[in-house]
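The file structure_31.tsv contains TSV, N, CA and C atoms:
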```tsv
chain	number	residue	atom	x	y	z
C	838	MET	N	146.48	87.27	133.51
C	838	MET	CA	147.62	87.92	134.09
C	838	MET	C	148.31	88.85	133.08
C	839	VAL	N	148.47	88.43	131.84
C	839	VAL	CA	149.08	89.28	130.82
C	839	VAL	C	148.19	90.51	130.60
C	840	GLU	N	146.89	90.28	130.53
C	840	GLU	CA	145.97	91.40	130.31
C	840	GLU	C	146.04	92.41	131.46
C	841	GLN	N	146.13	91.93	132.68
C	841	GLN	CA	146.24	92.84	133.83
C	841	GLN	C	147.54	93.64	133.78
C	842	THR	N	148.60	93.03	133.34
C	842	THR	CA	149.89	93.73	133.22
C	842	THR	C	149.79	94.84	132.18
C	843	ILE	N	149.16	94.53	131.05
C	843	ILE	CA	149.00	95.54	129.99
C	843	ILE	C	148.11	96.68	130.49
C	844	GLU	N	147.05	96.34	131.21
C	844	GLU	CA	146.16	97.38	131.75
C	844	GLU	C	146.90	98.29	132.72
C	845	GLU	N	147.80	97.72	133.50
C	845	GLU	CA	148.59	98.54	134.43
C	845	GLU	C	149.54	99.45	133.65
C	846	ALA	N	150.10	98.95	132.56
C	846	ALA	CA	150.96	99.79	131.71
C	846	ALA	C	150.15	100.94	131.11
C	847	VAL	N	148.93	100.66	130.68
C	847	VAL	CA	148.06	101.71	130.14
C	847	VAL	C	147.83	102.77	131.19
C	848	ARG	N	147.59	102.34	132.41
C	848	ARG	CA	147.33	103.29	133.50
C	848	ARG	C	148.57	104.15	133.79
C	849	CYS	N	149.74	103.56	133.74
C	849	CYS	CA	150.97	104.25	134.15
C	849	CYS	C	151.62	105.08	133.04
C	850	LEU	N	151.48	104.65	131.80
C	850	LEU	CA	152.15	105.35	130.70
C	850	LEU	C	151.40	106.61	130.29
C	851	LYS	N	152.15	107.62	129.95
C	851	LYS	CA	151.56	108.82	129.36
C	851	LYS	C	151.18	108.51	127.92
C	852	PRO	N	150.23	109.26	127.35
C	852	PRO	CA	149.97	109.11	125.92
C	852	PRO	C	151.27	109.32	125.15
C	853	GLY	N	151.53	108.43	124.21
C	853	GLY	CA	152.77	108.48	123.45
C	853	GLY	C	153.88	107.64	124.08
C	854	GLY	N	153.62	107.12	125.30
C	854	GLY	CA	154.61	106.27	125.96
C	854	GLY	C	154.78	104.96	125.21
C	855	LEU	N	155.95	104.38	125.31
C	855	LEU	CA	156.29	103.17	124.56
C	855	LEU	C	156.38	101.97	125.49
C	856	MET	N	155.73	100.89	125.10
C	856	MET	CA	155.83	99.63	125.82
C	856	MET	C	156.51	98.62	124.90
C	857	ILE	N	157.58	98.00	125.40
C	857	ILE	CA	158.32	97.01	124.62
C	857	ILE	C	158.20	95.68	125.32
C	858	CYS	N	157.74	94.67	124.59
C	858	CYS	CA	157.51	93.34	125.15
C	858	CYS	C	158.32	92.32	124.36
C	859	MET	N	158.90	91.39	125.08
C	859	MET	CA	159.65	90.31	124.44
C	859	MET	C	159.36	89.03	125.18
C	860	GLY	N	159.28	87.94	124.44
C	860	GLY	CA	159.03	86.66	125.08
C	860	GLY	C	159.15	85.51	124.11
C	861	PRO	N	159.10	84.29	124.64
C	861	PRO	CA	159.19	83.12	123.77
C	861	PRO	C	157.98	83.03	122.84
C	862	ASN	N	158.23	82.77	121.59
C	862	ASN	CA	157.17	82.67	120.60
C	862	ASN	C	156.75	81.20	120.50
C	863	VAL	N	155.57	80.89	121.01
C	863	VAL	CA	155.12	79.50	121.08
C	863	VAL	C	155.02	78.86	119.69
C	864	ARG	N	154.88	79.67	118.66
C	864	ARG	CA	154.82	79.14	117.30
C	864	ARG	C	156.12	78.42	116.91
C	865	TYR	N	157.24	78.89	117.45
C	865	TYR	CA	158.54	78.31	117.11
C	865	TYR	C	159.11	77.41	118.21
C	866	LEU	N	158.39	77.29	119.32
C	866	LEU	CA	158.82	76.47	120.45
C	866	LEU	C	157.66	75.65	120.99
C	867	PRO	N	156.97	74.89	120.16
C	867	PRO	CA	155.74	74.24	120.63
C	867	PRO	C	155.91	73.37	121.86
C	868	GLY	N	156.99	72.62	121.96
C	868	GLY	CA	157.19	71.77	123.13
C	868	GLY	C	158.05	72.42	124.19
C	869	ALA	N	159.14	73.02	123.77
C	869	ALA	CA	160.10	73.61	124.71
C	869	ALA	C	159.52	74.79	125.48
C	870	HIS	N	158.51	75.43	124.95
C	870	HIS	CA	157.88	76.56	125.63
C	870	HIS	C	157.41	76.18	127.03
C	871	TRP	N	156.94	74.98	127.19
C	871	TRP	CA	156.32	74.54	128.45
C	871	TRP	C	157.34	74.04	129.46
C	872	ASP	N	158.63	74.09	129.17
C	872	ASP	CA	159.67	73.57	130.06
C	872	ASP	C	159.92	74.44	131.29
C	873	PHE	N	159.37	75.62	131.34
C	873	PHE	CA	159.59	76.52	132.46
C	873	PHE	C	158.28	76.75	133.20
C	874	TRP	N	158.35	76.82	134.52
C	874	TRP	CA	157.14	76.89	135.33
C	874	TRP	C	156.29	78.13	135.06
C	875	ASP	N	156.91	79.22	134.65
C	875	ASP	CA	156.16	80.45	134.42
C	875	ASP	C	155.67	80.62	132.99
C	876	HIS	N	155.90	79.63	132.14
C	876	HIS	CA	155.41	79.68	130.76
C	876	HIS	C	154.08	78.93	130.67
C	877	PHE	N	153.03	79.57	131.13
C	877	PHE	CA	151.73	78.92	131.12
C	877	PHE	C	150.74	79.60	130.20
C	878	ILE	N	151.13	80.70	129.57
C	878	ILE	CA	150.27	81.38	128.60
C	878	ILE	C	150.99	81.37	127.26
C	879	PRO	N	150.45	80.66	126.27
C	879	PRO	CA	151.10	80.63	124.96
C	879	PRO	C	150.89	81.95	124.21
C	880	LEU	N	151.98	82.60	123.86
C	880	LEU	CA	151.91	83.88	123.16
C	880	LEU	C	152.72	83.84	121.88
C	881	THR	N	152.26	84.62	120.92
C	881	THR	CA	153.02	84.91	119.71
C	881	THR	C	153.05	86.43	119.57
C	882	GLU	N	153.82	86.91	118.62
C	882	GLU	CA	153.85	88.36	118.38
C	882	GLU	C	152.47	88.85	117.94
C	883	ARG	N	151.72	88.01	117.28
C	883	ARG	CA	150.38	88.40	116.80
C	883	ARG	C	149.38	88.51	117.95
C	884	SER	N	149.38	87.53	118.84
C	884	SER	CA	148.42	87.56	119.94
C	884	SER	C	148.71	88.72	120.89
C	885	LEU	N	149.99	88.98	121.16
C	885	LEU	CA	150.31	90.09	122.04
C	885	LEU	C	150.02	91.43	121.37
C	886	SER	N	150.28	91.53	120.07
C	886	SER	CA	149.95	92.77	119.34
C	886	SER	C	148.45	93.03	119.37
C	887	GLU	N	147.66	91.98	119.20
C	887	GLU	CA	146.20	92.14	119.26
C	887	GLU	C	145.77	92.69	120.62
C	888	LEU	N	146.32	92.13	121.70
C	888	LEU	CA	145.97	92.60	123.04
C	888	LEU	C	146.39	94.05	123.23
C	889	LEU	N	147.59	94.39	122.81
C	889	LEU	CA	148.04	95.78	122.94
C	889	LEU	C	147.14	96.73	122.18
C	890	GLU	N	146.74	96.37	120.97
C	890	GLU	CA	145.84	97.23	120.20
C	890	GLU	C	144.49	97.39	120.90
C	891	LEU	N	143.96	96.31	121.44
C	891	LEU	CA	142.68	96.37	122.14
C	891	LEU	C	142.76	97.26	123.38
C	892	LYS	N	143.93	97.35	123.96
C	892	LYS	CA	144.10	98.14	125.19
C	892	LYS	C	144.57	99.57	124.91
C	893	GLY	N	144.68	99.94	123.64
C	893	GLY	CA	144.96	101.33	123.33
C	893	GLY	C	146.37	101.65	122.86
C	894	PHE	N	147.05	100.66	122.31
C	894	PHE	CA	148.39	100.89	121.79
C	894	PHE	C	148.39	100.80	120.27
C	895	GLU	N	149.25	101.58	119.66
C	895	GLU	CA	149.52	101.49	118.22
C	895	GLU	C	150.81	100.69	118.07
C	896	ILE	N	150.75	99.61	117.32
C	896	ILE	CA	151.93	98.75	117.17
C	896	ILE	C	152.96	99.45	116.30
C	897	ARG	N	154.17	99.59	116.82
C	897	ARG	CA	155.25	100.24	116.12
C	897	ARG	C	156.29	99.26	115.60
C	898	LEU	N	156.40	98.09	116.26
C	898	LEU	CA	157.38	97.09	115.88
C	898	LEU	C	156.82	95.72	116.23
C	899	GLN	N	156.96	94.79	115.29
C	899	GLN	CA	156.48	93.42	115.52
C	899	GLN	C	157.43	92.48	114.78
C	900	VAL	N	158.27	91.78	115.53
C	900	VAL	CA	159.26	90.87	114.95
C	900	VAL	C	159.01	89.49	115.55
C	901	PRO	N	158.59	88.52	114.72
C	901	PRO	CA	158.27	87.19	115.26
C	901	PRO	C	159.49	86.41	115.74
C	902	ARG	N	160.64	86.61	115.11
C	902	ARG	CA	161.88	85.91	115.48
C	902	ARG	C	162.95	86.96	115.74
C	903	PHE	N	163.23	87.19	117.01
C	903	PHE	CA	164.19	88.23	117.37
C	903	PHE	C	165.44	87.62	118.02
C	904	LEU	N	165.34	87.18	119.25
C	904	LEU	CA	166.49	86.59	119.94
C	904	LEU	C	166.37	85.08	120.01
C	905	PRO	N	167.49	84.39	120.19
C	905	PRO	CA	167.42	82.95	120.45
C	905	PRO	C	166.57	82.67	121.68
C	906	TYR	N	166.13	81.44	121.83
C	906	TYR	CA	165.18	81.09	122.89
C	906	TYR	C	165.67	81.48	124.27
C	907	SER	N	166.84	81.08	124.64
C	907	SER	CA	167.32	81.39	125.99
C	907	SER	C	168.74	81.91	125.92
C	908	MET	N	168.91	83.05	126.54
C	908	MET	CA	170.26	83.59	126.68
C	908	MET	C	170.66	83.58	128.14
C	909	SER	N	169.82	82.96	129.00
C	909	SER	CA	170.10	82.97	130.43
C	909	SER	C	170.62	81.63	130.93
C	910	THR	N	170.57	80.59	130.11
C	910	THR	CA	171.09	79.29	130.52
C	910	THR	C	172.24	78.90	129.59
C	911	GLY	N	173.09	78.05	130.09
C	911	GLY	CA	174.22	77.61	129.27
C	911	GLY	C	175.31	78.66	129.24
C	912	ILE	N	176.00	78.70	128.13
C	912	ILE	CA	177.12	79.64	127.98
C	912	ILE	C	176.58	81.04	127.71
C	913	THR	N	177.05	82.00	128.47
C	913	THR	CA	176.66	83.39	128.25
C	913	THR	C	177.54	83.97	127.16
C	914	PRO	N	176.93	84.44	126.06
C	914	PRO	CA	177.75	84.96	124.96
C	914	PRO	C	178.41	86.28	125.35
C	915	PRO	N	179.60	86.52	124.85
C	915	PRO	CA	180.25	87.82	125.10
C	915	PRO	C	179.41	88.95	124.50
C	916	LEU	N	179.47	90.11	125.12
C	916	LEU	CA	178.66	91.24	124.67
C	916	LEU	C	178.93	91.62	123.22
C	917	PHE	N	180.15	91.48	122.76
C	917	PHE	CA	180.42	91.84	121.37
C	917	PHE	C	179.66	90.92	120.40
C	918	LEU	N	179.44	89.66	120.78
C	918	LEU	CA	178.65	88.76	119.92
C	918	LEU	C	177.17	89.16	119.94
C	919	VAL	N	176.68	89.58	121.08
C	919	VAL	CA	175.28	90.05	121.17
C	919	VAL	C	175.11	91.29	120.30
C	920	ALA	N	176.03	92.22	120.40
C	920	ALA	CA	175.97	93.44	119.57
C	920	ALA	C	176.05	93.09	118.09
C	921	TRP	N	176.89	92.15	117.73
C	921	TRP	CA	177.00	91.69	116.34
C	921	TRP	C	175.68	91.11	115.87
C	922	TYR	N	175.09	90.24	116.69
C	922	TYR	CA	173.82	89.59	116.35
C	922	TYR	C	172.73	90.64	116.11
C	923	LEU	N	172.63	91.62	116.99
C	923	LEU	CA	171.59	92.64	116.87
C	923	LEU	C	171.75	93.49	115.61
C	924	ARG	N	172.95	93.60	115.08
C	924	ARG	CA	173.20	94.37	113.86
C	924	ARG	C	172.95	93.58	112.58
C	925	LEU	N	172.61	92.30	112.72
C	925	LEU	CA	172.41	91.43	111.56
C	925	LEU	C	171.00	90.84	111.55
C	926	PRO	N	169.98	91.66	111.29
C	926	PRO	CA	168.61	91.15	111.35
C	926	PRO	C	168.30	90.04	110.35
C	927	PHE	N	169.10	89.88	109.29
C	927	PHE	CA	168.86	88.79	108.35
C	927	PHE	C	169.15	87.43	108.98
C	928	VAL	N	169.85	87.39	110.11
C	928	VAL	CA	170.15	86.15	110.83
C	928	VAL	C	169.00	85.76	111.76
C	929	TRP	N	168.22	86.73	112.19
C	929	TRP	CA	167.17	86.48	113.18
C	929	TRP	C	166.19	85.37	112.78
C	930	PRO	N	165.75	85.29	111.51
C	930	PRO	CA	164.79	84.22	111.16
C	930	PRO	C	165.34	82.81	111.37
C	931	TRP	N	166.64	82.64	111.36
C	931	TRP	CA	167.21	81.30	111.57
C	931	TRP	C	167.44	80.99	113.04
C	932	LEU	N	167.84	81.99	113.81
C	932	LEU	CA	168.19	81.75	115.21
C	932	LEU	C	167.14	82.22	116.21
C	933	GLY	N	166.32	83.18	115.81
C	933	GLY	CA	165.36	83.76	116.74
C	933	GLY	C	164.20	82.84	117.07
C	934	LYS	N	163.89	82.75	118.34
C	934	LYS	CA	162.73	81.98	118.83
C	934	LYS	C	161.87	82.83	119.75
C	935	GLN	N	162.31	84.07	120.01
C	935	GLN	CA	161.54	84.99	120.84
C	935	GLN	C	161.08	86.16	119.99
C	936	PHE	N	159.89	86.65	120.31
C	936	PHE	CA	159.36	87.81	119.59
C	936	PHE	C	159.72	89.09	120.34
C	937	ILE	N	159.59	90.19	119.61
C	937	ILE	CA	159.63	91.51	120.24
C	937	ILE	C	158.50	92.33	119.62
C	938	VAL	N	157.76	93.01	120.48
C	938	VAL	CA	156.64	93.85	120.05
C	938	VAL	C	156.76	95.17	120.80
C	939	ALA	N	156.64	96.27	120.08
C	939	ALA	CA	156.64	97.59	120.71
C	939	ALA	C	155.36	98.31	120.33
C	940	GLY	N	154.70	98.88	121.32
C	940	GLY	CA	153.46	99.61	121.10
C	940	GLY	C	153.53	100.99	121.73
C	941	LYS	N	152.98	101.96	121.04
C	941	LYS	CA	152.92	103.34	121.53
C	941	LYS	C	151.50	103.60	122.03
C	942	LYS	N	151.39	104.11	123.25
C	942	LYS	CA	150.07	104.38	123.82
C	942	LYS	C	149.38	105.51	123.07
C	943	ARG	N	148.18	105.20	122.60
C	943	ARG	CA	147.39	106.21	121.87
C	943	ARG	C	146.83	107.23	122.86
C	944	PRO	N	146.60	108.45	122.37
C	944	PRO	CA	146.01	109.46	123.25
C	944	PRO	C	144.53	109.23	123.51
C	945	ASN	N	143.87	108.48	122.64
C	945	ASN	CA	142.44	108.27	122.81
C	945	ASN	C	142.17	106.94	123.51
C	946	LYS	N	140.90	106.60	123.64
C	946	LYS	CA	140.48	105.38	124.33
C	946	LYS	C	140.80	104.14	123.52
C	947	PRO	N	140.89	102.97	124.20
C	947	PRO	CA	141.11	101.70	123.48
C	947	PRO	C	140.01	101.41	122.47
C	948	ILE	N	140.35	100.61	121.48
C	948	ILE	CA	139.40	100.19	120.45
C	948	ILE	C	138.37	99.26	121.08
C	949	ASP	N	137.08	99.49	120.83
C	949	ASP	CA	136.03	98.60	121.31
C	949	ASP	C	135.57	97.75	120.14
C	950	ARG	N	136.08	96.53	120.06
C	950	ARG	CA	135.75	95.64	118.95
C	950	ARG	C	134.47	94.85	119.20
C	951	SER	N	133.89	94.96	120.38
C	951	SER	CA	132.66	94.22	120.67
C	951	SER	C	131.51	94.75	119.80
C	952	ALA	N	131.56	96.01	119.41
C	952	ALA	CA	130.51	96.60	118.58
C	952	ALA	C	130.57	96.08	117.14
C	953	GLU	N	131.74	95.55	116.73
C	953	GLU	CA	131.91	95.06	115.37
C	953	GLU	C	131.21	93.74	115.15
C	954	GLU	N	130.98	93.00	116.22
C	954	GLU	CA	130.40	91.65	116.08
C	954	GLU	C	128.91	91.67	115.87
```

Represent the structure from my file as structure tokens, please.
Amino acid sequence: MVEQTIEEAVRCLKPGGLMICMGPNVRYLPGAHWDFWDHFIPLTERSLSELLELKGFEIRLQVPRFLPYSMSTGITPPLFLVAWYLRLPFVWPWLGKQFIVAGKKRPNKPIDRSAEE
């Protein structure tokens, strides 16, 4: 399902288009990751970056710990606190449990790594 979504993005984006992906990083949430019904594919920033590269993206940003695990349950933080958090990347390694990956669509075809084996 993730691969099909990326392939659809490749089809829709112009060369040079930017795809930004964010999600729970299973490396930092080994048990809690599975608490939601739609979390059935374990991803990290590395695995998603690999898929994006294979599908024709150049990785522009890869942050393993970006946002806290859930900002949709519990107390919703005021926007000024979110803005403050985003301006302090040195805090992300302690609080971040979600990755962010940004890839730019290459103008040429995807990398064929099957020939390397």

Residue list (helix (DSSP H, G or I), DSSP) for chain C, as number ranges by chain: C: 839-849, 869-872, 882-891, 916-923, 926-932, 950-953

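Here atom C of Phe877 (chain C) and atom C of Phe936 (chain C) stand 16.4 Å from one another.
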
Have a look at C:Val839, C:Tyr865, C:Arg848, C:Glu895 and name the one nearest to Pro944 (chain C); count only N, CA and C atoms. C:Glu895

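Minimum atom-to-atom distance to Pro861 (chain C), evaluated using all atoms listed in the file, belongs to C:Lys934 out of C:Lys934, C:Arg924, C:His876, C:Arg902.
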
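Take CA of Phe917 (chain C) and atom N of Trp929 (chain C): the distance between them is 16.1 Å.
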
Using only C-alpha atoms, which of C:Leu880, C:Ile912, C:Val900, C:Leu850 sits nearest Phe927 (chain C)? C:Val900

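Within the 8 Å cut-off around Tyr906 (chain C), using all atoms listed in the file and omitting residues fewer than 4 positions from it on the same chain, the listed residues are Gly860, Pro861, Asn862, Thr910, Leu932, Gly933, Lys934 and Gln935 of chain C.
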
Contacts of Gly853 (chain C) at 8 Å (all atoms listed in the file; same-chain gap of 6+ positions) as a compact mmCIF listing (two decimals) with N, CA and C atoms, keeping the file's coordinate frame:
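The result, written out as part-v8.txt:
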```txt
# COMPACT_ATOMS: atom_id res chain seq x y z
N GLY C 940 154.70 98.88 121.32
CA GLY C 940 153.46 99.61 121.10
C GLY C 940 153.53 100.99 121.73
N LYS C 941 152.98 101.96 121.04
CA LYS C 941 152.92 103.34 121.53
C LYS C 941 151.50 103.60 122.03
N LYS C 942 151.39 104.11 123.25
CA LYS C 942 150.07 104.38 123.82
C LYS C 942 149.38 105.51 123.07
N ARG C 943 148.18 105.20 122.60
CA ARG C 943 147.39 106.21 121.87
C ARG C 943 146.83 107.23 122.86
N PRO C 944 146.60 108.45 122.37
CA PRO C 944 146.01 109.46 123.25
C PRO C 944 144.53 109.23 123.51
N ASN C 945 143.87 108.48 122.64
CA ASN C 945 142.44 108.27 122.81
C ASN C 945 142.17 106.94 123.51
```

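For the pair atom C of Glu882 (chain C) and atom N of Val938 (chain C), the interatomic distance is 7.2 Å.
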
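Residue-level DSSP output for region 851-902 of chain C, from the backbone, shows strand (DSSP E) at C:Leu855, C:Met856, C:Ile857, C:Cys858, C:Met859, C:Gly860, C:Pro861, C:Phe894, C:Glu895, C:Ile896, C:Arg897, C:Leu898, C:Gln899, C:Val900, C:Pro901, C:Arg902.
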
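Compared by their closest atoms to Ile843 (chain C), and using all atoms listed in the file, the residues C:Ala869, C:Leu888, C:Val863, C:Ala920 rank with C:Leu888 nearest.
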
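Closest approach to Glu887 (chain C) from the set C:Ser907, C:Gln899, C:Pro914, C:Ile857 is made by C:Gln899, with distances taken over only C-alpha atoms.
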